[in-house]
$ cat data_28.txt   # compact mmCIF, C-alpha atoms
# COMPACT_ATOMS: atom_id res chain seq x y z
CA MET A 1 13.16 7.40 -9.17
CA ASP A 2 11.86 10.06 -6.90
CA SER A 3 8.46 9.33 -5.54
CA GLU A 4 7.13 12.48 -3.98
CA PHE A 5 3.41 12.40 -4.53
CA ASP A 6 0.88 15.14 -4.17
CA PRO A 7 -1.47 13.64 -1.61
CA ASN A 8 -4.61 15.30 -2.94
CA ILE A 9 -4.56 13.86 -6.45
CA PRO A 10 -5.32 10.19 -7.08
CA ILE A 11 -2.04 8.35 -7.26
CA TYR A 12 -2.82 6.60 -10.51
CA VAL A 13 -3.22 9.98 -12.20
CA GLN A 14 0.17 11.05 -10.89
CA ILE A 15 1.76 7.85 -12.15
CA MET A 16 0.24 8.46 -15.56
CA ASN A 17 1.77 11.93 -15.50
CA ILE A 18 5.19 10.56 -14.61
CA VAL A 19 5.05 8.20 -17.58
CA LYS A 20 3.66 10.88 -19.90
CA LYS A 21 6.41 13.27 -18.96
CA LYS A 22 9.02 10.64 -19.73
CA ILE A 23 7.47 10.02 -23.12
CA VAL A 24 7.31 13.69 -23.97
CA ASN A 25 10.91 14.41 -22.97
CA GLU A 26 11.95 11.28 -24.88
CA GLU A 27 13.38 9.45 -21.94
CA LEU A 28 10.94 6.81 -23.15
CA LYS A 29 10.92 6.42 -26.93
CA PRO A 30 8.09 5.04 -29.07
CA GLU A 31 7.87 1.25 -28.73
CA ASP A 32 9.94 1.27 -25.54
CA LYS A 33 8.83 -1.12 -22.83
CA LEU A 34 7.51 0.38 -19.62
CA PHE A 35 8.64 -1.02 -16.28
CA SER A 36 6.56 -3.99 -15.28
CA VAL A 37 3.77 -3.33 -12.82
CA ARG A 38 5.72 -5.09 -10.13
CA GLU A 39 8.99 -3.21 -10.74
CA MET A 40 7.14 0.07 -10.77
CA SER A 41 5.27 -0.84 -7.61
CA VAL A 42 8.43 -1.56 -5.66
CA LYS A 43 10.20 1.50 -7.09
CA LEU A 44 7.46 3.93 -6.17
CA LYS A 45 6.23 1.98 -3.14
CA VAL A 46 2.74 2.00 -4.50
CA ASN A 47 0.13 -0.74 -4.53
CA PRO A 48 0.49 -2.80 -7.75
CA ASN A 49 -3.24 -2.47 -8.46
CA THR A 50 -2.78 1.29 -8.60
CA ILE A 51 0.02 0.95 -11.17
CA GLN A 52 -2.16 -1.45 -13.13
CA ARG A 53 -4.88 1.13 -13.21
CA ALA A 54 -2.52 3.85 -14.41
CA TYR A 55 -1.29 1.58 -17.22
CA GLN A 56 -4.82 0.63 -18.22
CA GLU A 57 -5.76 4.28 -18.41
CA LEU A 58 -2.69 5.02 -20.56
CA GLU A 59 -3.78 2.20 -22.86
CA ARG A 60 -7.28 3.58 -23.03
CA GLN A 61 -5.87 6.93 -24.11
CA GLY A 62 -3.82 5.23 -26.80
CA ILE A 63 -0.53 6.33 -25.27
CA ALA A 64 0.57 2.81 -24.46
CA TYR A 65 -0.43 -0.65 -25.53
CA LYS A 66 -0.20 -4.02 -23.92
CA GLN A 67 1.28 -7.10 -25.49
CA ARG A 68 0.11 -10.27 -23.89
CA GLY A 69 2.84 -11.87 -21.83
CA MET A 70 5.37 -9.22 -22.82
CA GLY A 71 4.40 -6.10 -20.95
CA THR A 72 3.23 -2.61 -21.70
CA PHE A 73 4.85 -0.52 -24.42
CA VAL A 74 4.84 3.10 -25.47
CA SER A 75 2.71 3.62 -28.56
CA GLY A 76 4.59 3.75 -31.85
CA ASP A 77 2.17 6.33 -33.18
CA ILE A 78 4.16 9.57 -33.31
CA SER A 79 1.07 11.70 -33.83
CA ILE A 80 -0.30 10.61 -30.45
CA ILE A 81 2.95 11.51 -28.77
CA LYS A 82 3.05 14.88 -30.51
CA LYS A 83 -0.49 15.53 -29.41
CA LEU A 84 0.44 14.56 -25.87
CA LYS A 85 3.34 16.98 -25.87
CA LYS A 86 1.07 19.76 -27.05
CA GLU A 87 -1.51 18.98 -24.41
CA MET A 88 1.00 18.92 -21.59
CA ALA A 89 2.53 22.20 -22.72
CA GLN A 90 -0.95 23.68 -22.91
CA ASP A 91 -1.66 22.61 -19.34
CA ILE A 92 1.48 24.23 -18.02
CA LEU A 93 0.80 27.40 -19.99
CA CYS A 94 -2.76 27.68 -18.77
CA ASN A 95 -1.69 27.27 -15.18
CA PHE A 96 1.07 29.80 -15.62
CA ILE A 97 -1.17 32.38 -17.24
CA ARG A 98 -3.86 31.90 -14.63
CA GLY A 99 -1.28 32.28 -11.86
CA MET A 100 0.14 35.45 -13.39
CA LYS A 101 -3.32 36.94 -13.89
CA GLU A 102 -4.05 36.24 -10.24
CA LEU A 103 -0.96 38.27 -9.42
CA GLY A 104 -2.42 41.11 -11.46
CA PHE A 105 -0.32 40.88 -14.63
CA SER A 106 -1.96 41.91 -17.87
CA SER A 107 -1.57 39.74 -20.96
CA LYS A 108 0.93 42.20 -22.39
CA GLU A 109 3.00 42.23 -19.20
CA ILE A 110 3.03 38.46 -19.11
CA VAL A 111 4.44 38.29 -22.62
CA GLU A 112 7.07 40.85 -21.67
CA VAL A 113 8.10 39.02 -18.52
CA VAL A 114 8.38 35.77 -20.45
CA ARG A 115 10.49 37.38 -23.15
CA GLU A 116 12.85 38.94 -20.62
CA ASN A 117 13.33 35.67 -18.77
CA ILE A 118 13.89 33.65 -21.86
CA GLN A 119 16.54 36.08 -23.05
CA GLU A 120 18.25 35.77 -19.71
CA ASP A 121 18.30 32.01 -20.12
CA VAL A 122 19.94 32.29 -23.52
CA MET B 1 -13.92 -10.59 -7.26
CA GLU B 2 -13.77 -13.33 -4.70
CA THR B 3 -14.21 -12.50 -1.04
CA ILE B 4 -11.54 -13.78 1.31
CA LEU B 5 -12.86 -12.39 4.56
CA LYS B 6 -16.32 -11.30 5.48
CA CYS B 7 -17.74 -10.42 8.84
CA THR B 8 -21.17 -9.20 9.77
CA ASP B 9 -22.29 -7.51 12.96
CA LEU B 10 -19.23 -8.73 14.80
CA LYS B 11 -19.24 -7.97 18.53
CA LYS B 12 -16.72 -8.58 21.22
CA TYR B 13 -17.09 -7.84 24.90
CA TYR B 14 -14.37 -8.03 27.52
CA PHE B 15 -16.74 -8.58 30.43
CA ARG B 16 -18.71 -5.35 30.39
CA LYS B 17 -16.37 -3.41 28.17
CA ILE B 18 -17.30 -3.33 24.48
CA ALA B 19 -14.35 -3.70 22.11
CA LEU B 20 -16.17 -4.43 18.86
CA ASN B 21 -19.66 -3.09 18.45
CA GLY B 22 -21.17 -4.52 15.29
CA LEU B 23 -18.28 -4.54 12.85
CA ASN B 24 -18.98 -5.19 9.15
CA VAL B 25 -16.10 -5.67 6.78
CA GLU B 26 -15.28 -7.50 3.59
CA ILE B 27 -11.88 -8.11 2.04
CA LYS B 28 -11.49 -9.23 -1.56
CA ARG B 29 -8.79 -11.53 -2.79
CA GLY B 30 -5.68 -9.83 -4.10
CA ARG B 31 -6.24 -6.57 -2.30
CA ILE B 32 -4.47 -4.66 0.42
CA MET B 33 -6.71 -3.14 3.02
CA GLY B 34 -5.78 -0.61 5.66
CA LEU B 35 -7.66 -0.67 8.93
CA LEU B 36 -7.15 2.76 10.42
CA GLY B 37 -8.09 4.00 13.81
CA PRO B 38 -6.74 5.51 17.01
CA ASN B 39 -5.53 3.50 19.98
CA GLY B 40 -8.28 1.53 21.66
CA SER B 41 -10.64 1.59 18.68
CA GLY B 42 -10.74 -2.20 18.38
CA LYS B 43 -8.16 -2.84 15.65
CA THR B 44 -6.13 -5.41 17.52
CA THR B 45 -9.21 -7.16 18.90
CA PHE B 46 -10.50 -7.57 15.36
CA LEU B 47 -7.19 -8.89 14.08
CA LYS B 48 -7.01 -11.38 16.92
CA ILE B 49 -10.43 -12.70 15.98
CA VAL B 50 -9.32 -13.01 12.35
CA ALA B 51 -6.20 -14.84 13.50
CA GLY B 52 -8.33 -17.23 15.55
CA ILE B 53 -6.88 -16.20 18.90
CA LEU B 54 -10.05 -14.61 20.28
CA ARG B 55 -13.63 -15.73 19.80
CA PRO B 56 -16.25 -13.14 18.94
CA SER B 57 -19.05 -12.65 21.46
CA SER B 58 -21.62 -12.50 18.67
CA GLY B 59 -21.87 -11.94 14.94
CA GLU B 60 -20.35 -13.89 12.09
CA ILE B 61 -16.94 -14.06 10.51
CA PHE B 62 -15.87 -16.20 7.59
CA ILE B 63 -12.41 -16.59 6.16
CA ASN B 64 -12.52 -18.33 2.80
CA GLY B 65 -15.96 -19.54 3.82
CA ASN B 66 -14.81 -21.03 7.13
CA LYS B 67 -15.21 -19.86 10.69
CA PRO B 68 -11.89 -19.11 12.42
CA GLY B 69 -10.33 -22.34 13.60
CA ARG B 70 -7.76 -24.92 12.65
CA LYS B 71 -8.40 -24.57 8.97
CA THR B 72 -8.24 -20.80 8.84
CA LYS B 73 -5.18 -20.62 11.07
CA ALA B 74 -3.34 -22.50 8.36
CA GLN B 75 -4.38 -19.85 5.84
CA VAL B 76 -3.87 -16.71 7.87
CA SER B 77 -0.42 -15.37 8.65
CA TYR B 78 -0.60 -13.03 11.61
CA LEU B 79 1.89 -10.42 12.79
CA PRO B 80 0.96 -9.55 16.38
CA ASP B 81 1.78 -6.19 17.89
CA ARG B 82 3.85 -7.85 20.63
CA ASP B 83 7.00 -9.92 20.74
CA TYR B 84 6.42 -13.61 21.25
CA LEU B 85 9.67 -15.43 20.42
CA TYR B 86 11.59 -16.98 23.31
CA LYS B 87 14.49 -14.98 24.64
CA TRP B 88 16.97 -17.85 24.32
CA MET B 89 16.36 -18.18 20.59
CA ARG B 90 18.68 -17.22 17.82
CA ILE B 91 17.16 -16.13 14.51
CA SER B 92 17.93 -19.57 13.11
CA ASP B 93 15.93 -21.15 15.97
CA ALA B 94 13.00 -18.88 15.19
CA ILE B 95 13.11 -20.06 11.58
CA ASP B 96 13.14 -23.71 12.69
CA PHE B 97 10.27 -22.94 15.03
CA PHE B 98 8.17 -21.56 12.19
CA LYS B 99 9.17 -24.46 9.93
CA ASP B 100 7.84 -26.93 12.49
CA MET B 101 4.76 -24.90 13.19
CA TYR B 102 3.48 -24.11 9.70
CA ASP B 103 3.28 -26.37 6.65
CA ASP B 104 3.25 -23.39 4.32
CA PHE B 105 6.50 -21.91 5.66
CA ASP B 106 9.06 -21.40 2.89
CA GLU B 107 12.54 -21.58 4.36
CA GLY B 108 14.23 -20.43 1.17
CA LYS B 109 12.12 -17.35 1.09
CA ALA B 110 12.83 -16.67 4.76
CA LYS B 111 16.58 -16.79 4.10
CA GLU B 112 16.18 -14.45 1.16
CA LEU B 113 14.15 -12.01 3.22
CA LEU B 114 16.62 -12.14 6.10
CA GLU B 115 19.35 -11.11 3.72
CA PHE B 116 17.20 -8.35 2.28
CA MET B 117 16.51 -7.10 5.80
CA ASP B 118 20.23 -7.25 6.73
CA LEU B 119 19.63 -9.73 9.51
CA ASN B 120 22.12 -12.36 10.60
CA GLU B 121 20.85 -15.85 11.39
CA ASP B 122 23.21 -16.19 14.34
CA SER B 123 21.93 -13.11 16.16
CA LYS B 124 20.10 -13.67 19.40
CA VAL B 125 16.50 -12.63 19.46
CA LYS B 126 16.84 -10.80 22.75
CA GLU B 127 19.75 -8.73 21.47
CA LEU B 128 17.87 -7.31 18.50
CA SER B 129 16.93 -3.66 18.44
CA LYS B 130 13.29 -2.70 18.09
CA GLY B 131 13.61 -2.14 14.34
CA MET B 132 15.54 -5.36 13.79
CA SER B 133 13.06 -7.44 15.71
CA GLU B 134 10.20 -5.87 13.77
CA LYS B 135 12.01 -6.90 10.58
CA LEU B 136 12.52 -10.42 11.90
CA TYR B 137 8.85 -10.88 12.80
CA LEU B 138 7.80 -9.57 9.42
CA THR B 139 10.25 -11.93 7.70
CA LEU B 140 8.74 -14.89 9.51
CA VAL B 141 5.18 -13.86 8.76
CA LEU B 142 5.79 -13.07 5.09
CA SER B 143 7.67 -16.32 4.52
CA ARG B 144 4.47 -18.28 4.86
CA LYS B 145 2.51 -18.87 1.67
CA SER B 146 -0.74 -17.67 3.13
CA GLN B 147 -3.95 -16.43 1.62
CA LEU B 148 -4.39 -13.65 4.11
CA TYR B 149 -1.64 -11.70 5.85
CA VAL B 150 -2.74 -9.80 8.90
CA LEU B 151 -0.23 -7.22 10.03
CA ASP B 152 -0.75 -5.34 13.27
CA GLU B 153 1.22 -2.09 13.23
CA PRO B 154 4.13 -3.33 11.11
CA LEU B 155 5.70 0.13 11.25
CA GLY B 156 5.34 0.77 14.95
CA GLY B 157 8.40 2.39 16.45
CA VAL B 158 10.82 1.95 13.55
CA ASP B 159 12.97 4.57 11.89
CA PRO B 160 12.26 5.87 8.36
CA THR B 161 14.86 3.75 6.53
CA THR B 162 13.65 0.60 8.25
CA ARG B 163 10.13 1.64 7.37
CA GLU B 164 11.09 1.77 3.70
CA LYS B 165 12.60 -1.70 3.93
CA ILE B 166 9.46 -3.05 5.52
CA LEU B 167 7.23 -1.47 2.89
CA ASP B 168 9.46 -2.89 0.16
CA ALA B 169 9.28 -6.33 1.69
CA ILE B 170 5.49 -6.18 1.90
CA LEU B 171 5.18 -5.06 -1.72
CA LYS B 172 7.67 -7.59 -3.04
CA ASN B 173 5.85 -10.35 -1.27
CA TYR B 174 2.37 -9.41 -2.33
CA THR B 175 0.73 -11.54 -5.00
CA GLU B 176 -2.61 -11.42 -6.74
CA ASP B 177 -3.97 -14.41 -4.89
CA SER B 178 -3.27 -13.27 -1.38
CA SER B 179 -4.73 -10.38 0.55
CA ILE B 180 -3.20 -8.20 3.20
CA LEU B 181 -4.88 -6.51 6.12
CA ILE B 182 -2.76 -3.84 7.79
CA THR B 183 -3.59 -1.76 10.83
CA THR B 184 -1.79 1.45 11.54
CA HIS B 185 -2.10 4.92 12.89
CA LEU B 186 0.96 6.04 10.90
CA VAL B 187 -1.16 6.62 7.86
CA SER B 188 0.95 8.84 5.64
CA ASP B 189 3.86 6.41 5.41
CA ILE B 190 1.81 3.56 4.17
CA GLU B 191 -1.28 4.93 2.47
CA ARG B 192 0.11 4.38 -1.03
CA LEU B 193 -0.07 0.67 -0.39
CA PHE B 194 -3.77 0.49 0.18
CA ASP B 195 -6.47 -0.55 -2.27
CA ASP B 196 -9.17 -0.02 0.30
CA VAL B 197 -9.30 1.67 3.65
CA ALA B 198 -11.63 1.21 6.59
CA PHE B 199 -11.76 3.69 9.44
CA ILE B 200 -12.62 2.13 12.76
CA SER B 201 -13.84 3.95 15.83
CA GLU B 202 -15.27 2.51 19.04
CA GLY B 203 -15.50 -0.94 17.54
CA LYS B 204 -17.34 0.08 14.39
CA ILE B 205 -16.42 0.89 10.81
CA ILE B 206 -17.35 4.50 10.31
CA LEU B 207 -15.97 5.01 6.81
CA PHE B 208 -15.00 2.51 4.15
CA GLY B 209 -13.92 2.93 0.57
CA ASN B 210 -11.45 2.59 -2.24
CA ALA B 211 -8.40 4.67 -1.36
CA GLU B 212 -8.12 6.38 -4.75
CA GLU B 213 -11.80 7.18 -4.90
CA LEU B 214 -11.76 8.64 -1.41
CA ARG B 215 -8.79 10.79 -2.39
CA SER B 216 -10.45 12.24 -5.46
CA GLU B 217 -13.86 12.52 -3.83
CA LYS B 218 -12.65 14.40 -0.75
CA LYS B 219 -9.66 16.07 -2.42
CA MET B 220 -7.60 14.93 0.55
CA SER B 221 -4.98 12.33 1.24
CA ILE B 222 -6.02 9.37 3.36
CA ASP B 223 -3.85 10.83 6.10
CA GLU B 224 -5.80 14.09 6.01
CA ILE B 225 -9.10 12.23 5.96
CA TYR B 226 -7.89 10.33 9.00
CA ARG B 227 -7.16 13.56 10.83
CA GLU B 228 -10.53 14.91 9.81
CA VAL B 229 -12.43 11.82 10.93
CA PHE B 230 -10.67 11.40 14.25
CA LYS B 231 -10.19 14.97 15.35
$ encode --input "data_28.txt" --output "structure tokens"
Amino acid sequence: MDSEFDPNIPIYVQIMNIVKKKIVNEELKPEDKLFSVREMSVKLKVNPNTIQRAYQELERQGIAYKQRGMGTFVSGDISIIKKLKKEMAQDILCNFIRGMKELGFSSKEIVEVVRENIQEDV
Amino acid sequence: METILKCTDLKKYYFRKIALNGLNVEIKRGRIMGLLGPNGSGKTTFLKIVAGILRPSSGEIFINGNKPGRKTKAQVSYLPDRDYLYKWMRISDAIDFFKDMYDDFDEGKAKELLEFMDLNEDSKVKELSKGMSEKLYLTLVLSRKSQLYVLDEPLGGVDPTTREKILDAILKNYTEDSSILITTHLVSDIERLFDDVAFISEGKIILFGNAEELRSEKKMSIDEIYREVFK
């Protein structure tokens, strides 16, 4: 696992994002077990308390749940995961649009550029 | 959360030179604290007082409710910033030495760590490279079942891969009921390990806080804050 962190964002937030991304791209399926706090800590070379905090926050958001003595699992609730996917896509889109606007693209031009690039991909 | 180390208004003079000038610090059980500061800011002096090697000139310090002494020395595992093993020793002698010295030394764990660090028990201490000897000292210190680990510059002068090994070893060893105090001026390599950080300058704590909160509050990494504070 690559562990390049952005130094300006709290690390627990970044760990949450790593896990969320994995859920959204289905590397982690509903009801899958997350790495234990300790495994994750050694993998990412991050303080275990920080991992703990990330997991607690994921639980609070309903994305994961904890089973006493077993570990932390991805929620089985598909609607939550769908919502998460939507939210993450929205974030990326917003950033992209803001960035393009800063470069002076109009909404119409942005749509055009996107269309062109997507066609190239196909 | 329970406090494992607390000191108030700690001062230390070396004759007329002031090394610690009213230091206040508290470490909770189960947490990793980074003590960050430039050379000569008093880090090592403080650690030596915690380890029971130096006596403070004034002020109070309690480790698990006791003043530094016999009792606390048995609970504190200290990694000095200098070499101290005898030149004639092999690694296996060093292990025996620690086994005799400390009741809480876990030989099995030491052997495991040696293997993890790629060290050979038959090597002579004086023939080890800087990085290897750093790994050996850390192995010895982490193999004690202590309540407080005090590590003075565990990354000093070692290459990046060795650094990773050392960080791994520290993390693997860490448990909820022990605390770790680490000094360093190589902040960026190790800042992800810290729960709390204390910045020390001229024998005083000038900034203290939870590492994550400092990051989000100042929108900077601990490393950048360090550069800001000590520029």
$ residues_around --input "data_28.txt" --residues "Gly76 of chain A" --least-positions-apart "3" --cutoff "9 Å" --atoms "all atoms listed in the file" --output "PyMOL selection string"
chain A and resi 29-32+63-64+73+79-81
$ interface_residues --input "data_28.txt" --of "chain B" --to "chain A" --cutoff "9 Å" --atoms "only C-alpha atoms" --output "PyMOL selection string"
chain B and resi 30-32+164+167-169+171-172+174+190-195+211-216+218-224
$ atom_distance --input "data_28.txt" --atom1 "atom CA of Asn66 of chain B" --atom2 "atom CA of Ser41 of chain B"
25.7 Å
$ residues_near_point --input "data_28.txt" --point "(5.7, -8.5, -23.0)" --cutoff "12 Å" --atoms "all atoms listed in the file" --output "NGL selection string"
:A and (31-37 or 65-74)
$ atom_distance --input "data_28.txt" --atom1 "atom CA of Arg16 of chain B" --atom2 "atom CA of Thr183 of chain B"
25.0 Å
$ atom_distance --input "data_28.txt" --atom1 "atom CA of Thr162 of chain B" --atom2 "atom CA of Leu128 of chain B"
13.6 Å
$ residues_around --input "data_28.txt" --residues "Asp83 of chain B" --least-positions-apart "2" --cutoff "9 Å" --atoms "all atoms listed in the file" --output "count of residues only"
7
$ residues_around --input "data_28.txt" --residues "Ile53 of chain B" --least-positions-apart "3" --cutoff "12 Å" --atoms "all atoms listed in the file" --output "VMD selection string"
chain B and resid 44 to 50 56 68 to 70 72 to 73 76 78 80
